[in-house]
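Raw contents of data.txt, compact mmCIF, N, CA and C atoms:
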```txt
# COMPACT_ATOMS: atom_id res chain seq x y z
N MET B 1 108.82 109.86 109.29
CA MET B 1 109.13 109.13 108.09
C MET B 1 109.20 107.64 108.42
N PRO B 2 108.19 106.90 108.01
CA PRO B 2 108.09 105.49 108.36
C PRO B 2 109.11 104.62 107.62
N THR B 3 109.79 103.77 108.37
CA THR B 3 110.70 102.79 107.78
C THR B 3 109.88 101.64 107.23
N ILE B 4 110.10 101.31 105.96
CA ILE B 4 109.33 100.24 105.34
C ILE B 4 110.16 98.97 105.15
N CYS B 5 111.49 99.08 105.30
CA CYS B 5 112.34 97.91 105.15
C CYS B 5 113.72 98.19 105.73
N GLU B 6 114.35 97.14 106.23
CA GLU B 6 115.73 97.20 106.70
C GLU B 6 116.44 95.92 106.30
N PHE B 7 117.64 96.06 105.71
CA PHE B 7 118.46 94.89 105.41
C PHE B 7 119.91 95.33 105.27
N ARG B 8 120.79 94.48 105.76
CA ARG B 8 122.24 94.66 105.64
C ARG B 8 122.70 96.07 106.03
N GLY B 9 122.11 96.59 107.09
CA GLY B 9 122.50 97.91 107.59
C GLY B 9 121.85 99.08 106.88
N ILE B 10 120.98 98.81 105.91
CA ILE B 10 120.31 99.86 105.14
C ILE B 10 118.88 100.01 105.65
N LYS B 11 118.48 101.25 105.93
CA LYS B 11 117.09 101.55 106.30
C LYS B 11 116.43 102.26 105.13
N ILE B 12 115.23 101.84 104.79
CA ILE B 12 114.50 102.42 103.66
C ILE B 12 113.20 103.01 104.17
N TYR B 13 112.92 104.23 103.76
CA TYR B 13 111.71 104.90 104.23
C TYR B 13 111.15 105.82 103.15
N ILE B 14 109.85 106.10 103.30
CA ILE B 14 109.14 107.03 102.41
C ILE B 14 108.50 108.08 103.30
N ASN B 15 108.71 109.33 102.95
CA ASN B 15 108.11 110.44 103.70
C ASN B 15 106.68 110.67 103.23
N TYR B 16 105.81 111.04 104.18
CA TYR B 16 104.45 111.40 103.82
C TYR B 16 104.43 112.69 103.01
N ARG B 17 103.61 112.68 101.96
CA ARG B 17 103.42 113.85 101.10
C ARG B 17 104.73 114.46 100.60
N ASP B 18 105.67 113.61 100.23
CA ASP B 18 106.97 114.05 99.72
C ASP B 18 106.81 114.55 98.29
N HIS B 19 107.82 115.24 97.80
CA HIS B 19 107.80 115.83 96.45
C HIS B 19 107.91 114.76 95.37
N GLN B 20 107.50 115.11 94.17
CA GLN B 20 107.63 114.25 93.00
C GLN B 20 109.08 114.29 92.52
N PRO B 21 109.56 113.33 91.81
CA PRO B 21 108.93 112.10 91.35
C PRO B 21 108.85 111.09 92.49
N PRO B 22 108.04 110.03 92.33
CA PRO B 22 107.97 109.00 93.35
C PRO B 22 109.36 108.44 93.66
N HIS B 23 109.72 108.43 94.92
CA HIS B 23 111.04 107.98 95.34
C HIS B 23 111.00 107.50 96.78
N PHE B 24 112.10 106.91 97.20
CA PHE B 24 112.26 106.55 98.60
C PHE B 24 113.63 107.03 99.06
N HIS B 25 113.79 107.06 100.35
CA HIS B 25 115.05 107.46 100.97
C HIS B 25 115.71 106.23 101.56
N ALA B 26 117.03 106.19 101.52
CA ALA B 26 117.78 105.09 102.13
C ALA B 26 118.90 105.68 102.97
N ASN B 27 119.15 105.03 104.10
CA ASN B 27 120.21 105.45 105.01
C ASN B 27 121.11 104.25 105.29
N TYR B 28 122.42 104.50 105.22
CA TYR B 28 123.42 103.47 105.55
C TYR B 28 124.56 104.18 106.25
N GLY B 29 124.61 104.05 107.58
CA GLY B 29 125.64 104.77 108.35
C GLY B 29 125.51 106.26 108.14
N GLU B 30 126.60 106.89 107.68
CA GLU B 30 126.56 108.34 107.45
C GLU B 30 126.06 108.71 106.05
N TYR B 31 125.67 107.72 105.25
CA TYR B 31 125.21 107.96 103.89
C TYR B 31 123.68 108.02 103.82
N ASP B 32 123.18 108.94 103.03
CA ASP B 32 121.75 109.09 102.77
C ASP B 32 121.56 109.34 101.28
N CYS B 33 120.51 108.75 100.72
CA CYS B 33 120.24 109.00 99.31
C CYS B 33 118.75 108.88 99.03
N CYS B 34 118.37 109.35 97.84
CA CYS B 34 117.00 109.21 97.32
C CYS B 34 117.11 108.44 96.01
N ILE B 35 116.21 107.49 95.83
CA ILE B 35 116.20 106.68 94.60
C ILE B 35 114.81 106.73 93.98
N SER B 36 114.78 106.99 92.68
CA SER B 36 113.52 107.03 91.93
C SER B 36 112.92 105.63 91.87
N ILE B 37 111.64 105.53 92.16
CA ILE B 37 110.94 104.24 92.09
C ILE B 37 110.70 103.85 90.63
N GLU B 38 110.38 104.81 89.79
CA GLU B 38 110.08 104.52 88.38
C GLU B 38 111.32 104.14 87.58
N SER B 39 112.36 104.98 87.64
CA SER B 39 113.53 104.77 86.78
C SER B 39 114.65 104.00 87.48
N ILE B 40 114.49 103.71 88.75
CA ILE B 40 115.49 102.99 89.56
C ILE B 40 116.87 103.62 89.37
N GLU B 41 116.96 104.90 89.72
CA GLU B 41 118.24 105.60 89.64
C GLU B 41 118.39 106.55 90.81
N LEU B 42 119.61 106.84 91.15
CA LEU B 42 119.93 107.77 92.22
C LEU B 42 119.51 109.18 91.80
N ILE B 43 118.70 109.84 92.62
CA ILE B 43 118.28 111.20 92.27
C ILE B 43 118.78 112.23 93.29
N GLY B 44 119.48 111.76 94.31
CA GLY B 44 120.04 112.69 95.28
C GLY B 44 120.81 111.96 96.36
N GLY B 45 121.77 112.65 96.95
CA GLY B 45 122.54 112.09 98.04
C GLY B 45 123.65 111.17 97.57
N LYS B 46 124.21 110.43 98.54
CA LYS B 46 125.33 109.53 98.26
C LYS B 46 125.11 108.20 98.96
N MET B 47 125.66 107.14 98.35
CA MET B 47 125.60 105.80 98.91
C MET B 47 126.79 105.02 98.35
N PRO B 48 127.48 104.22 99.19
CA PRO B 48 128.58 103.40 98.64
C PRO B 48 128.08 102.52 97.50
N ASN B 49 128.95 102.26 96.54
CA ASN B 49 128.58 101.53 95.33
C ASN B 49 127.97 100.16 95.64
N LYS B 50 128.55 99.41 96.57
CA LYS B 50 128.04 98.08 96.90
C LYS B 50 126.60 98.15 97.41
N GLN B 51 126.33 99.07 98.31
CA GLN B 51 124.98 99.22 98.87
C GLN B 51 124.01 99.76 97.82
N LEU B 52 124.49 100.64 96.96
CA LEU B 52 123.64 101.18 95.89
C LEU B 52 123.20 100.07 94.94
N LYS B 53 124.10 99.17 94.60
CA LYS B 53 123.76 98.04 93.73
C LYS B 53 122.73 97.14 94.40
N MET B 54 122.88 96.92 95.72
CA MET B 54 121.90 96.12 96.45
C MET B 54 120.53 96.80 96.42
N LEU B 55 120.52 98.12 96.60
CA LEU B 55 119.25 98.86 96.57
C LEU B 55 118.58 98.75 95.21
N TYR B 56 119.36 98.90 94.14
CA TYR B 56 118.79 98.79 92.80
C TYR B 56 118.16 97.41 92.58
N GLY B 57 118.84 96.36 93.03
CA GLY B 57 118.30 95.01 92.90
C GLY B 57 117.02 94.84 93.70
N TRP B 58 117.01 95.41 94.93
CA TRP B 58 115.84 95.32 95.78
C TRP B 58 114.65 96.05 95.15
N VAL B 59 114.90 97.23 94.59
CA VAL B 59 113.82 98.00 93.95
C VAL B 59 113.25 97.22 92.77
N ALA B 60 114.10 96.61 91.97
CA ALA B 60 113.63 95.84 90.82
C ALA B 60 112.68 94.73 91.25
N LEU B 61 112.94 94.13 92.42
CA LEU B 61 112.09 93.06 92.93
C LEU B 61 110.78 93.57 93.54
N HIS B 62 110.79 94.80 94.04
CA HIS B 62 109.65 95.31 94.82
C HIS B 62 109.08 96.63 94.28
N GLN B 63 109.26 96.88 93.02
CA GLN B 63 108.84 98.16 92.42
C GLN B 63 107.35 98.42 92.59
N GLU B 64 106.52 97.42 92.37
CA GLU B 64 105.07 97.63 92.49
C GLU B 64 104.66 97.93 93.93
N GLU B 65 105.28 97.24 94.88
CA GLU B 65 104.99 97.50 96.29
C GLU B 65 105.42 98.91 96.69
N LEU B 66 106.55 99.34 96.16
CA LEU B 66 107.02 100.71 96.43
C LEU B 66 106.05 101.74 95.87
N LYS B 67 105.53 101.48 94.66
CA LYS B 67 104.55 102.39 94.06
C LYS B 67 103.30 102.47 94.93
N GLU B 68 102.85 101.32 95.45
CA GLU B 68 101.68 101.31 96.31
C GLU B 68 101.94 102.10 97.60
N ASN B 69 103.10 101.90 98.21
CA ASN B 69 103.43 102.65 99.42
C ASN B 69 103.56 104.14 99.14
N TRP B 70 104.11 104.49 97.98
CA TRP B 70 104.21 105.91 97.62
C TRP B 70 102.81 106.53 97.57
N TYR B 71 101.88 105.82 96.92
CA TYR B 71 100.50 106.31 96.83
C TYR B 71 99.90 106.48 98.23
N LEU B 72 100.08 105.49 99.09
CA LEU B 72 99.55 105.57 100.45
C LEU B 72 100.16 106.76 101.21
N ALA B 73 101.45 106.99 101.02
CA ALA B 73 102.11 108.11 101.70
C ALA B 73 101.54 109.44 101.22
N GLN B 74 101.22 109.53 99.95
CA GLN B 74 100.64 110.76 99.43
C GLN B 74 99.26 111.01 100.03
N GLN B 75 98.57 109.94 100.40
CA GLN B 75 97.25 110.03 101.01
C GLN B 75 97.33 110.09 102.54
N GLN B 76 98.55 110.09 103.06
CA GLN B 76 98.82 110.08 104.50
C GLN B 76 98.17 108.89 105.19
N GLN B 77 98.25 107.75 104.52
CA GLN B 77 97.74 106.50 105.09
C GLN B 77 98.92 105.65 105.56
N GLU B 78 98.62 104.66 106.38
CA GLU B 78 99.66 103.81 106.94
C GLU B 78 100.36 103.01 105.83
N LEU B 79 101.69 102.98 105.89
CA LEU B 79 102.48 102.22 104.92
C LEU B 79 102.68 100.80 105.41
N PHE B 80 102.91 99.88 104.48
CA PHE B 80 103.13 98.49 104.86
C PHE B 80 104.61 98.13 104.66
N PRO B 81 105.11 97.18 105.45
CA PRO B 81 106.51 96.79 105.29
C PRO B 81 106.71 95.99 104.01
N ILE B 82 107.91 96.07 103.49
CA ILE B 82 108.30 95.33 102.28
C ILE B 82 109.44 94.39 102.68
N ASP B 83 109.39 93.17 102.14
CA ASP B 83 110.41 92.18 102.48
C ASP B 83 111.82 92.67 102.14
N PRO B 84 112.77 92.33 103.01
CA PRO B 84 114.15 92.74 102.76
C PRO B 84 114.83 91.87 101.69
N LEU B 85 115.98 92.33 101.24
CA LEU B 85 116.80 91.55 100.33
C LEU B 85 117.41 90.41 101.13
N ARG B 86 117.34 89.22 100.61
CA ARG B 86 117.87 88.04 101.33
C ARG B 86 119.15 87.54 100.72
```
Using the file provided, produce a representation of the structure as structure tokens.
Amino acid sequence: MPTICEFRGIKIYINYRDHQPPHFHANYGEYDCCISIESIELIGGKMPNKQLKMLYGWVALHQEELKENWYLAQQQQELFPIDPLR
């Protein structure tokens, strides 16, 4: 599962050929979650509220890039990194 971004202790990755709907996984310490790329909402797992809000803001800024990486992952092609939240 390739990491596509890291910021403020959060690692973001997309699994190759993962299930629908398009989503990404995020890890922060002992917390793991899945967030929908389309609707920008938590679809599984847990994340502290502060980090979840940061993730939502990051997705809003990079939604198109995430969609492109999701497509590449479905094709089992190399994913590209996405800029972190600054």
### Message
Please extract the residues of chain B with a backbone DSSP assignment of alpha helix (DSSP H) and present them as a PyMOL selection string.
### Response
chain B and resi 49-74
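Backbone DSSP of chain B yields strand (DSSP E) at Thr3, Ile4, Cys5, Glu6, Phe7, Ile10, Lys11, Ile12, Tyr13, His23, Phe24, His25, Ala26, Asn27, Tyr28, Tyr31, Asp32, Cys33, Cys34, Ile35, Ser36, Leu42, Ile43, Gly44 and Gly45 of chain B.
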Can you pull out the residues contacting Glu38 (chain B)? Cut-off 10 Å, using only C-alpha atoms, and skip same-chain residues under 5 positions away; I want them as a compact mmCIF listing (two decimals) with N, CA and C atoms, in the frame of the given file.
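Done, and the output landed in result-v7.txt:
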```
# COMPACT_ATOMS: atom_id res chain seq x y z
N PRO B 21 109.56 113.33 91.81
CA PRO B 21 108.93 112.10 91.35
C PRO B 21 108.85 111.09 92.49
N PRO B 22 108.04 110.03 92.33
CA PRO B 22 107.97 109.00 93.35
C PRO B 22 109.36 108.44 93.66
N HIS B 23 109.72 108.43 94.92
CA HIS B 23 111.04 107.98 95.34
C HIS B 23 111.00 107.50 96.78
N VAL B 59 114.90 97.23 94.59
CA VAL B 59 113.82 98.00 93.95
C VAL B 59 113.25 97.22 92.77
N ALA B 60 114.10 96.61 91.97
CA ALA B 60 113.63 95.84 90.82
C ALA B 60 112.68 94.73 91.25
N GLN B 63 109.26 96.88 93.02
CA GLN B 63 108.84 98.16 92.42
C GLN B 63 107.35 98.42 92.59
N GLU B 64 106.52 97.42 92.37
CA GLU B 64 105.07 97.63 92.49
C GLU B 64 104.66 97.93 93.93
N LEU B 66 106.55 99.34 96.16
CA LEU B 66 107.02 100.71 96.43
C LEU B 66 106.05 101.74 95.87
N LYS B 67 105.53 101.48 94.66
CA LYS B 67 104.55 102.39 94.06
C LYS B 67 103.30 102.47 94.93
```
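Remark: for Ile40 (chain B), the closest of the candidate residues B:Tyr56, B:Arg8, B:Asp83, B:Gln20 is B:Tyr56 (distances computed over only N, CA and C atoms).
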#### Entry: Counting only C-alpha atoms, the residue of B:Ile43, B:Gly29, B:Glu6, B:Ile14 that sits nearest Leu79 (chain B)
B:Ile14
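Of the residues listed (B:Pro2, B:Gly57, B:Gly9, B:Gly45), B:Gly45 shows the shortest atom-to-atom separation from Asp32 (chain B); distances use only C-alpha atoms.
Minimum atom-to-atom distances from B:Trp58, B:Ile35, B:Glu41, B:Gln51 to Ile10 (chain B) were compared using all atoms listed in the file, and the lowest value belongs to B:Gln51.
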### Message
Give me the residues near Ala26 (chain B) as a PyMOL selection string, where near means some atom within 5 Å (using only N, CA and C atoms) and where sequence neighbours in that chain fewer than 4 positions away do not count.
### Response
chain B and resi 11-12+32-33
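Between CA of Arg86 (chain B) and CA of Tyr28 (chain B) lies a distance of 16.9 Å.
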### Message
Which residues are close to Asn15 (chain B), i.e. within 7 Å by all atoms listed in the file, leaving aside same-chain residues fewer than 6 positions away? Reply as a ChimeraX atom specification.
### Response
/B:1-2,23-25,73-74
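Here atom N of Asn27 (chain B) and CA of Met47 (chain B) stand 8.3 Å from one another.
For the pair CA of His62 (chain B) and CA of Cys5 (chain B), the interatomic distance is 11.0 Å.
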### Task
Would you please work out which residue, of B:Met54, B:Ile37, B:Phe7, B:Tyr13, is nearest to Phe80 (chain B) when using only C-alpha atoms?
B:Tyr13
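The closest residue to Ile82 (chain B), picked from B:Lys53, B:Glu65, B:His19, B:Leu42 and counting all atoms listed in the file, is B:Glu65.
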